[in-house]
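Enquirer: Pasting my_file12.csv below, which is CSV, C-alpha atoms.
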```csv
chain,number,residue,atom,x,y,z
A,258,MET,CA,125.4,98.7,112.0
A,259,SER,CA,122.8,97.1,114.4
A,260,ASP,CA,122.2,93.4,113.7
A,261,GLN,CA,118.5,93.8,114.4
A,262,ILE,CA,115.6,96.2,114.1
A,263,VAL,CA,113.5,96.6,117.2
A,264,THR,CA,110.0,98.0,117.0
A,265,ARG,CA,107.4,98.4,119.7
A,266,ILE,CA,103.7,98.1,118.9
A,267,ALA,CA,101.0,98.3,121.6
A,268,GLY,CA,103.5,97.4,124.3
A,269,ILE,CA,104.8,94.4,122.5
A,270,THR,CA,108.5,94.7,121.4
A,271,PHE,CA,109.6,92.9,118.3
A,272,GLY,CA,113.2,92.3,117.3
A,273,ILE,CA,113.8,91.5,113.6
A,274,SER,CA,117.1,90.1,112.3
A,275,ALA,CA,117.9,88.7,108.9
A,276,ASP,CA,120.4,86.5,106.9
A,277,ARG,CA,120.9,89.6,104.6
A,278,PRO,CA,121.9,93.1,105.4
A,279,LEU,CA,119.0,94.9,107.0
A,280,SER,CA,119.6,97.8,104.6
A,281,GLN,CA,118.4,95.6,101.7
A,282,ILE,CA,115.0,95.0,103.3
A,283,GLN,CA,112.1,97.3,102.5
A,284,PHE,CA,110.5,98.1,105.8
A,285,ASP,CA,107.2,100.0,105.5
A,286,GLU,CA,107.4,103.8,106.1
A,287,SER,CA,104.6,103.5,108.6
A,288,TYR,CA,106.9,101.6,111.0
A,289,ARG,CA,109.3,104.6,111.2
A,290,ASP,CA,108.0,106.1,114.5
A,291,PHE,CA,107.6,102.7,116.2
A,292,GLY,CA,111.3,102.1,116.8
A,293,TRP,CA,112.5,101.0,120.3
A,294,ASP,CA,115.7,100.5,122.2
A,295,GLY,CA,114.7,97.8,124.7
A,296,GLU,CA,115.0,94.1,124.6
A,297,PRO,CA,112.5,92.3,122.3
A,298,GLU,CA,109.8,90.1,123.7
A,299,VAL,CA,109.2,88.6,120.3
A,300,THR,CA,112.2,87.7,118.1
A,301,ILE,CA,111.9,87.1,114.4
A,302,GLN,CA,114.7,85.9,112.0
A,303,ALA,CA,114.0,86.7,108.3
A,304,ARG,CA,115.5,84.3,105.8
A,305,TYR,CA,115.6,84.8,102.0
A,306,GLY,CA,116.0,82.5,99.1
A,307,ALA,CA,114.1,79.3,99.9
A,308,LEU,CA,111.2,78.0,101.9
A,309,PRO,CA,111.8,75.6,104.8
A,310,PRO,CA,111.4,71.8,104.4
A,311,VAL,CA,108.5,71.6,106.9
A,312,ALA,CA,105.7,69.0,106.6
A,313,LEU,CA,102.3,70.6,106.3
A,314,ARG,CA,99.7,68.0,107.3
A,315,GLU,CA,96.0,68.7,106.5
A,316,GLU,CA,94.9,67.5,109.9
A,317,GLU,CA,97.1,70.2,111.5
A,318,ARG,CA,95.6,73.0,109.5
A,319,VAL,CA,93.5,75.1,111.9
A,320,PHE,CA,92.5,78.0,109.6
A,321,ASP,CA,92.4,78.9,105.9
A,322,SER,CA,91.5,82.3,104.7
A,323,GLU,CA,91.0,80.9,101.2
A,324,LYS,CA,94.0,81.6,99.0
A,325,VAL,CA,95.8,84.3,101.1
A,326,TRP,CA,97.0,82.6,104.3
A,327,SER,CA,96.7,79.4,106.3
A,328,LEU,CA,97.7,78.5,109.8
A,329,TYR,CA,98.9,75.0,110.9
A,330,HIS,CA,99.4,74.0,114.5
A,331,SER,CA,101.4,71.1,116.0
A,332,ASP,CA,103.0,70.4,119.3
A,333,GLU,CA,106.3,71.8,117.9
A,334,ALA,CA,105.3,74.9,116.1
A,335,ASP,CA,102.6,77.2,114.6
A,336,ILE,CA,103.2,77.7,110.9
A,337,PHE,CA,101.8,80.5,108.7
A,338,VAL,CA,101.7,79.8,105.0
A,339,LEU,CA,101.1,82.8,102.7
A,340,ARG,CA,100.1,82.7,99.0
A,341,SER,CA,99.8,85.3,96.3
A,342,PRO,CA,98.6,85.5,92.6
A,343,ALA,CA,102.1,86.8,91.8
A,344,PHE,CA,103.4,83.3,92.7
A,345,GLY,CA,100.6,81.4,91.1
A,346,PHE,CA,99.0,81.0,94.5
A,347,GLN,CA,102.0,78.9,95.6
A,348,PRO,CA,103.5,79.7,99.0
A,349,TYR,CA,105.9,82.6,98.8
A,350,ARG,CA,106.4,83.0,102.6
A,351,VAL,CA,106.4,80.5,105.4
A,352,ALA,CA,106.6,81.6,109.1
A,353,VAL,CA,107.4,79.1,111.7
A,354,PHE,CA,106.7,80.3,115.3
A,355,ARG,CA,107.5,78.5,118.6
A,356,ASP,CA,107.0,79.3,122.3
A,357,HIS,CA,103.5,80.7,121.9
A,358,PHE,CA,104.5,83.0,119.0
A,359,ARG,CA,107.4,84.5,120.8
A,360,HIS,CA,110.2,83.2,118.5
A,361,GLY,CA,109.9,82.8,114.8
A,362,GLU,CA,111.7,82.3,111.5
A,363,VAL,CA,110.1,83.9,108.4
A,364,TYR,CA,111.2,82.3,105.1
A,365,ASN,CA,110.8,84.4,102.0
A,366,LEU,CA,111.0,83.6,98.3
A,367,PRO,CA,112.5,86.3,96.1
A,368,ARG,CA,110.0,88.5,94.3
A,369,PRO,CA,109.3,87.4,90.7
A,370,GLY,CA,112.0,88.7,88.5
A,371,GLY,CA,114.8,88.4,91.0
A,372,GLN,CA,116.9,91.3,92.2
A,373,SER,CA,118.8,92.1,89.0
A,374,ASP,CA,117.1,95.5,89.0
A,375,GLY,CA,118.4,96.3,92.5
A,376,ALA,CA,115.0,96.0,94.1
A,377,LEU,CA,114.8,95.8,97.8
A,378,LEU,CA,113.9,92.6,99.6
A,379,SER,CA,110.4,92.3,100.9
A,380,ASN,CA,109.4,93.2,104.4
A,381,PRO,CA,109.1,89.8,106.2
A,382,LEU,CA,106.2,91.1,108.2
A,383,GLU,CA,104.2,92.7,105.3
A,384,PHE,CA,100.5,92.2,105.2
A,385,PRO,CA,98.9,90.0,106.4
A,386,LEU,CA,101.6,88.4,108.6
A,387,ALA,CA,102.2,91.2,111.1
A,388,GLU,CA,98.5,91.7,111.8
A,389,VAL,CA,97.7,88.0,112.2
A,390,LEU,CA,100.7,87.6,114.5
A,391,MET,CA,99.4,90.5,116.6
A,392,VAL,CA,96.0,88.8,116.8
A,393,CYS,CA,97.7,85.6,118.0
A,394,LEU,CA,99.7,87.4,120.6
A,395,MET,CA,96.8,89.4,121.9
A,396,ALA,CA,94.6,86.3,122.2
A,397,ARG,CA,97.0,84.9,124.8
A,398,GLY,CA,95.6,87.1,127.5
A,399,ARG,CA,97.1,90.4,126.3
A,400,GLY,CA,94.2,92.3,124.7
A,401,LEU,CA,92.3,92.7,121.4
A,402,MET,CA,92.8,94.4,118.0
A,403,VAL,CA,89.8,96.1,116.6
A,404,HIS,CA,88.7,97.7,113.4
A,405,ALA,CA,88.7,101.3,114.5
A,406,CYS,CA,90.0,104.8,114.2
A,407,GLY,CA,91.6,105.9,117.5
A,408,LEU,CA,92.2,109.6,118.5
A,409,ASP,CA,93.9,111.5,121.2
A,410,ASP,CA,91.8,114.6,121.7
A,411,GLY,CA,93.8,116.5,124.2
A,412,GLY,CA,94.2,113.5,126.4
A,413,ARG,CA,90.7,112.1,125.8
A,414,GLY,CA,90.9,108.7,124.1
A,415,TYR,CA,88.1,108.3,121.6
A,416,LEU,CA,87.6,105.1,119.7
A,417,PHE,CA,85.5,105.2,116.5
A,418,ALA,CA,84.8,101.5,115.7
A,419,GLY,CA,83.4,100.3,112.4
A,420,ASN,CA,83.9,97.8,109.6
A,421,SER,CA,84.6,98.7,106.0
A,422,THR,CA,82.7,101.8,104.6
A,423,HIS,CA,81.5,102.8,108.1
A,424,GLY,CA,83.6,106.0,108.1
A,425,LYS,CA,86.8,105.3,110.1
A,426,SER,CA,89.2,106.9,107.5
A,427,THR,CA,86.7,109.7,107.0
A,428,MET,CA,86.6,110.4,110.7
A,429,ALA,CA,90.4,110.4,110.8
A,430,GLY,CA,90.5,113.1,108.1
A,431,ILE,CA,87.9,115.2,109.8
A,432,TRP,CA,89.9,115.2,113.1
A,433,ARG,CA,93.4,115.4,111.6
A,434,ASP,CA,93.9,119.1,112.6
A,435,GLU,CA,92.1,118.8,115.9
A,436,ALA,CA,93.6,115.6,117.5
A,437,THR,CA,96.4,113.0,117.1
A,438,VAL,CA,95.3,110.2,114.9
A,439,LEU,CA,96.7,106.9,116.3
A,440,ASN,CA,95.4,104.9,113.3
A,441,ASP,CA,92.3,104.9,111.1
A,442,ASP,CA,91.8,101.1,110.9
A,443,ARG,CA,93.6,98.9,113.4
A,444,ILE,CA,93.7,99.8,117.1
A,445,VAL,CA,94.9,97.6,119.9
A,446,LEU,CA,93.1,97.6,123.3
A,447,ARG,CA,94.8,96.4,126.4
A,448,TRP,CA,94.2,96.5,130.2
A,449,ARG,CA,96.9,98.6,132.0
A,450,GLU,CA,97.1,100.3,135.3
A,451,GLY,CA,93.5,99.5,136.2
A,452,ARG,CA,92.1,100.9,133.0
A,453,PHE,CA,91.6,100.0,129.4
A,454,TRP,CA,94.1,101.6,127.0
A,455,MET,CA,94.2,102.0,123.3
A,456,TYR,CA,97.3,102.0,121.1
A,457,GLY,CA,98.1,103.0,117.5
A,458,THR,CA,99.6,100.5,115.1
A,459,PRO,CA,101.5,100.8,111.8
A,460,TRP,CA,98.7,99.0,109.8
A,461,HIS,CA,96.6,101.9,108.5
A,462,GLY,CA,93.7,102.1,106.0
A,463,ASP,CA,93.1,105.0,103.6
A,464,TYR,CA,94.4,107.6,106.0
A,465,THR,CA,98.1,107.1,106.3
A,466,GLY,CA,98.9,109.0,109.5
A,467,VAL,CA,99.7,106.7,112.4
A,468,SER,CA,101.1,107.1,115.9
A,469,PRO,CA,102.8,104.6,118.3
A,470,MET,CA,101.3,106.3,121.4
A,471,GLY,CA,98.8,104.8,123.8
A,472,LEU,CA,96.4,106.4,126.2
A,473,PRO,CA,93.4,105.5,128.4
A,474,LEU,CA,90.2,104.7,126.5
A,475,GLU,CA,87.5,107.3,127.5
A,476,LYS,CA,84.6,106.5,125.1
A,477,ILE,CA,83.7,104.2,122.2
A,478,PHE,CA,81.6,105.2,119.3
A,479,PHE,CA,80.2,102.7,116.8
A,480,LEU,CA,80.0,104.5,113.5
A,481,ARG,CA,77.3,104.6,110.9
A,482,HIS,CA,76.4,107.2,108.3
A,483,ALA,CA,73.3,109.3,108.9
A,484,ALA,CA,71.4,112.3,107.6
A,485,ASP,CA,72.3,114.2,110.7
A,486,ASN,CA,74.5,113.8,113.8
A,487,GLN,CA,72.9,111.3,116.2
A,488,LEU,CA,74.0,109.6,119.4
A,489,ARG,CA,72.5,106.6,121.2
A,490,GLN,CA,74.1,105.0,124.2
A,491,VAL,CA,74.5,101.2,124.1
A,492,ASP,CA,75.2,99.1,127.1
A,493,GLY,CA,75.9,95.6,128.3
A,494,THR,CA,75.5,92.7,125.9
A,495,ALA,CA,74.6,95.0,123.0
A,496,ALA,CA,77.8,97.0,123.4
A,497,ALA,CA,79.9,93.9,123.8
A,498,SER,CA,78.4,92.3,120.7
A,499,MET,CA,79.0,95.5,118.6
A,500,LEU,CA,82.6,95.6,119.7
A,501,LEU,CA,83.1,91.9,119.1
A,502,ALA,CA,81.7,92.3,115.5
A,503,ARG,CA,84.4,94.9,114.9
A,504,SER,CA,87.3,92.9,116.2
A,505,PHE,CA,90.0,90.8,114.8
A,506,LEU,CA,89.3,87.4,116.4
A,507,PRO,CA,91.4,84.3,116.7
A,508,LEU,CA,88.7,82.0,115.2
A,509,TRP,CA,91.1,79.1,115.2
A,510,ASP,CA,91.8,79.2,118.9
A,511,ALA,CA,89.1,78.2,121.4
A,512,GLY,CA,91.0,79.6,124.4
A,513,GLY,CA,91.7,82.8,122.5
A,514,MET,CA,88.1,83.2,121.5
A,515,ALA,CA,86.9,82.7,125.1
A,516,PHE,CA,89.4,85.4,126.3
A,517,SER,CA,88.3,87.8,123.5
A,518,LEU,CA,84.6,87.4,124.3
A,519,ASP,CA,85.3,88.1,128.0
A,520,PHE,CA,87.5,91.0,127.1
A,521,CYS,CA,84.8,92.6,125.0
A,522,ALA,CA,82.3,92.2,127.8
A,523,ARG,CA,84.7,93.8,130.3
A,524,VAL,CA,85.4,96.8,128.0
A,525,ALA,CA,81.7,97.4,127.4
A,526,GLN,CA,81.1,97.3,131.1
A,527,ALA,CA,83.9,99.8,131.9
A,528,VAL,CA,83.9,102.2,129.0
A,529,PRO,CA,80.8,104.3,127.9
A,530,CYS,CA,79.7,103.1,124.5
A,531,TYR,CA,77.6,104.9,121.9
A,532,GLU,CA,76.2,104.4,118.4
A,533,LEU,CA,77.2,107.5,116.4
A,534,GLY,CA,75.3,108.4,113.3
A,535,PHE,CA,77.3,111.2,111.6
A,536,VAL,CA,77.5,113.6,108.7
A,537,PRO,CA,81.1,113.7,107.3
A,538,ASP,CA,81.9,117.3,108.1
A,539,HIS,CA,83.6,119.2,111.0
A,540,ASP,CA,80.4,119.7,112.9
A,541,VAL,CA,80.8,116.2,114.3
A,542,ILE,CA,83.8,117.3,116.3
A,543,ASP,CA,81.8,119.6,118.5
A,544,PHE,CA,79.0,117.1,118.6
A,545,VAL,CA,81.3,114.4,120.0
A,546,ARG,CA,83.0,116.7,122.4
```
Show me, as structure tokens, the structure contained in the file I just sent.
Expert:
Amino acid sequence: MSDQIVTRIAGITFGISADRPLSQIQFDESYRDFGWDGEPEVTIQARYGALPPVALREEERVFDSEKVWSLYHSDEADIFVLRSPAFGFQPYRVAVFRDHFRHGEVYNLPRPGGQSDGALLSNPLEFPLAEVLMVCLMARGRGLMVHACGLDDGGRGYLFAGNSTHGKSTMAGIWRDEATVLNDDRIVLRWREGRFWMYGTPWHGDYTGVSPMGLPLEKIFFLRHAADNQLRQVDGTAAASMLLARSFLPLWDAGGMAFSLDFCARVAQAVPCYELGFVPDHDVIDFVR
């Protein structure tokens, strides 16, 4: 049996090992197609049973999502602290990362009730840790994660960007028999081979179909609901601002924010962008094509 699980997401390879048999850990089904055979760029050791004796100083807290997760930064490490109502909002998971988020230890408390019922151990990267870790990794000059549905329509990479209720999952359902859905909610954008590419991730919304593939980004559509199908091209600062407003941003990292702002501007300059008002039926497929 392998002593680690290796998964590759948007060109970043993660190796996960644990102090328990990996068969006891409940990895999400959505990760199934993201397996990889290569050497990991990011290594993660999962530990179960107790939280680490790390000092959390208020002056080192750089972000607090209010009750869900917090991030602390010091010269030695970046520390994520996760809380849940199931644990009385006390920490149930602490992740200590070093070397610019490339090596980490994730400490997990047992679920309430223990394992007497044979329940599997929790996924050390379950929401929101994996997504936040990806945001941190992308912010270090790698790319950007956006709120979007990504599609491969016969080699044409379409990105339908939008926040909650804008229609990303609806769009995924409409196209499901016409194109490959990479993800309906979280897509990673990266610069590769002289072009911007988009990649699927395992972290889906209401539409559960995901794909690990990536392809060049051909067009961006900013979604809104409308009485009929409408298209309006947006350029320059307006397009960059719309993309920025639909991105997962490293608000705690000044350097990462500067990179993200510049990245959005470069994407908007290189890729045609449109505001798409749409009716949720199959007519929008021919309209987009």
Enquirer: Which residue, A:Asp519, A:Glu450, A:Asp290, A:Asp410, has the smallest gap to Val545 in chain A when you use only C-alpha atoms?
Expert: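 Closest to Val545 in chain A, using only C-alpha atoms: A:Asp410.
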Enquirer: For Gly512 in chain A, which residue among A:Ala334, A:Ala303, A:Ala396, A:Leu386 is the nearest when counting only C-alpha atoms?
Expert: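 The closest residue to Gly512 in chain A is A:Ala396.
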Enquirer: If you measure from CA of Leu501 in chain A to CA of Asn420 in chain A, what distance in Å do you get, rounded to one decimal?
Expert: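 Separation between CA of Leu501 in chain A and CA of Asn420 in chain A: 11.2 Å.
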Enquirer: Which residue, A:Gly398, A:Gly457, A:Pro381, A:Gly534, has the smallest gap to Gln283 in chain A when you use all atoms listed in the file?
Expert: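 Comparing A:Gly398, A:Gly457, A:Pro381, A:Gly534 against Gln283 in chain A, the winner is A:Pro381.
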Enquirer: Name all residues at most 9 Å from Thr270 in chain A (count only C-alpha atoms; drop same-chain ones fewer than 5 positions away) and give them as a list of chain:residue names.
Expert: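 Non-adjacent residues within range: A:Val263, A:Thr264, A:Arg265, A:Trp293, A:Gly295, A:Glu296, A:Pro297, A:Glu298, A:Val299, A:Thr300.
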Enquirer: Quick one, how far is CA of Ile477 in chain A from CA of Arg289 in chain A?
Expert: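 Between CA of Ile477 in chain A and CA of Arg289 in chain A the gap is 27.9 Å.
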Enquirer: Mind checking which residues fall within 9 Å of Thr427 in chain A, counting all atoms listed in the file, ignoring those fewer than 5 positions away in the same chain, and posting them as number ranges by chain?
Expert: A: 432, 441, 463-464, 537
Enquirer: Which of these, A:Ala502, A:Arg443, A:Val363, A:Gln490, has the shortest distance to Val392 in chain A once you count only C-alpha atoms?
Expert: A:Arg443
Enquirer: Calculate how many Å separate CA of Gly345 in chain A from CA of Val325 in chain A, rounding to one decimal.
Expert: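 Pair CA of Gly345 in chain A / CA of Val325 in chain A returns 11.5 Å.
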Enquirer: Determine the nearest neighbour of Gly462 in chain A from the options A:Ile444, A:Met499, A:Leu377, A:Ala387, counting only C-alpha atoms.
Expert: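 Looking only at the distances to Gly462 in chain A, the closest residue turns out to be A:Ile444.
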Enquirer: Pick out the closest residue to Val536 in chain A from this set: A:Arg503, A:Arg489, A:Arg447, A:His423. Count only C-alpha atoms.
Expert: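 Using only C-alpha atoms, Val536 in chain A sits closest to A:His423.
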Enquirer: Considering all atoms listed in the file, return as an MDAnalysis selection string whatever protein or nucleic-acid residues lie within 7 Å of Pro459 in chain A, sequence-local ones (same chain, fewer than 3 positions apart) excluded.
Expert: chainID A and resid 287:288 467
Enquirer: What's the 12 Å shell around Glu323 in chain A, counting all atoms listed in the file, without same-chain residues fewer than 3 positions away, as a short mmCIF file (atom, residue, chain, number, x, y, z; two decimals) with C-alpha atoms, in the frame of the given file?
Expert:
```cif
data_model
loop_
_atom_site.label_atom_id
_atom_site.label_comp_id
_atom_site.auth_asym_id
_atom_site.auth_seq_id
_atom_site.Cartn_x
_atom_site.Cartn_y
_atom_site.Cartn_z
CA PHE A 320 92.50 78.00 109.60
CA TRP A 326 97.00 82.60 104.30
CA SER A 327 96.70 79.40 106.30
CA LEU A 328 97.70 78.50 109.80
CA VAL A 338 101.70 79.80 105.00
CA LEU A 339 101.10 82.80 102.70
CA ARG A 340 100.10 82.70 99.00
CA SER A 341 99.80 85.30 96.30
CA PHE A 346 99.00 81.00 94.50
#
```
Enquirer: Ala522 in chain A: which residues within 10 Å, counting all atoms listed in the file, same-chain residues fewer than 6 positions away excluded, as a PyMOL selection string?
Expert: chain A and resi 492-498+500-501+516
Enquirer: Around (109.1, 79.0, 105.4) in the file's frame, which residues reach within 7 Å when counting all atoms listed in the file? Return as a compact mmCIF listing (two decimals) with C-alpha atoms, in the coordinates of the input?
Expert:
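Below is the file that was written, part.txt:
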```txt
# COMPACT_ATOMS: atom_id res chain seq x y z
CA LEU A 308 111.20 78.00 101.90
CA PRO A 309 111.80 75.60 104.80
CA ARG A 350 106.40 83.00 102.60
CA VAL A 351 106.40 80.50 105.40
CA ALA A 352 106.60 81.60 109.10
CA VAL A 353 107.40 79.10 111.70
CA VAL A 363 110.10 83.90 108.40
CA TYR A 364 111.20 82.30 105.10
CA ASN A 365 110.80 84.40 102.00
```
Enquirer: Dump range 410-433 of chain A with N, CA and C atoms to a file, as a CSV table (one decimal), in the first residue's frame.
Expert:
```csv
chain,number,residue,atom,x,y,z
A,410,ASP,N,-15.7,23.1,-24.8
A,410,ASP,CA,-16.7,22.9,-25.9
A,410,ASP,C,-15.9,22.6,-27.1
A,411,GLY,N,-15.5,21.3,-27.3
A,411,GLY,CA,-14.8,20.9,-28.4
A,411,GLY,C,-13.4,21.6,-28.6
A,412,GLY,N,-12.7,21.8,-27.5
A,412,GLY,CA,-11.5,22.5,-27.5
A,412,GLY,C,-11.5,24.0,-27.3
A,413,ARG,N,-12.7,24.6,-27.2
A,413,ARG,CA,-12.9,26.0,-27.0
A,413,ARG,C,-13.2,26.1,-25.5
A,414,GLY,N,-12.3,26.9,-24.8
A,414,GLY,CA,-12.4,27.1,-23.4
A,414,GLY,C,-13.3,28.3,-23.0
A,415,TYR,N,-14.5,28.0,-22.5
A,415,TYR,CA,-15.4,29.1,-22.1
A,415,TYR,C,-15.4,29.2,-20.6
A,416,LEU,N,-15.3,30.4,-20.1
A,416,LEU,CA,-15.4,30.6,-18.7
A,416,LEU,C,-16.6,31.5,-18.4
A,417,PHE,N,-17.6,30.9,-17.6
A,417,PHE,CA,-18.8,31.7,-17.2
A,417,PHE,C,-18.6,32.1,-15.7
A,418,ALA,N,-18.2,33.3,-15.5
A,418,ALA,CA,-17.9,33.8,-14.2
A,418,ALA,C,-19.1,34.5,-13.6
A,419,GLY,N,-19.3,34.2,-12.3
A,419,GLY,CA,-20.4,34.8,-11.5
A,419,GLY,C,-20.3,34.5,-10.1
A,420,ASN,N,-20.9,35.3,-9.3
A,420,ASN,CA,-21.0,35.1,-7.8
A,420,ASN,C,-22.3,34.2,-7.6
A,421,SER,N,-22.6,34.0,-6.3
A,421,SER,CA,-23.7,33.2,-5.9
A,421,SER,C,-25.0,33.7,-6.6
A,422,THR,N,-25.8,32.8,-7.1
A,422,THR,CA,-27.1,33.0,-7.8
A,422,THR,C,-27.0,33.5,-9.2
A,423,HIS,N,-25.8,33.8,-9.7
A,423,HIS,CA,-25.7,34.3,-11.0
A,423,HIS,C,-25.9,33.3,-12.1
A,424,GLY,N,-25.9,32.0,-11.8
A,424,GLY,CA,-26.3,31.0,-12.8
A,424,GLY,C,-25.1,30.1,-13.3
A,425,LYS,N,-24.1,29.9,-12.5
A,425,LYS,CA,-23.0,29.1,-12.9
A,425,LYS,C,-23.4,27.6,-12.9
A,426,SER,N,-24.0,27.1,-11.9
A,426,SER,CA,-24.5,25.7,-11.8
A,426,SER,C,-25.6,25.5,-12.9
A,427,THR,N,-26.4,26.4,-13.1
A,427,THR,CA,-27.4,26.3,-14.1
A,427,THR,C,-26.8,26.2,-15.5
A,428,MET,N,-25.7,27.0,-15.8
A,428,MET,CA,-25.0,26.9,-17.0
A,428,MET,C,-24.4,25.5,-17.2
A,429,ALA,N,-23.8,25.0,-16.1
A,429,ALA,CA,-23.2,23.7,-16.2
A,429,ALA,C,-24.2,22.6,-16.6
A,430,GLY,N,-25.4,22.7,-16.0
A,430,GLY,CA,-26.4,21.7,-16.3
A,430,GLY,C,-26.9,21.8,-17.7
A,431,ILE,N,-27.0,23.1,-18.2
A,431,ILE,CA,-27.5,23.3,-19.6
A,431,ILE,C,-26.5,22.6,-20.6
A,432,TRP,N,-25.2,22.8,-20.4
A,432,TRP,CA,-24.1,22.3,-21.3
A,432,TRP,C,-23.7,20.9,-21.0
A,433,ARG,N,-24.2,20.2,-20.1
A,433,ARG,CA,-23.6,18.9,-19.6
A,433,ARG,C,-23.6,17.9,-20.8
```
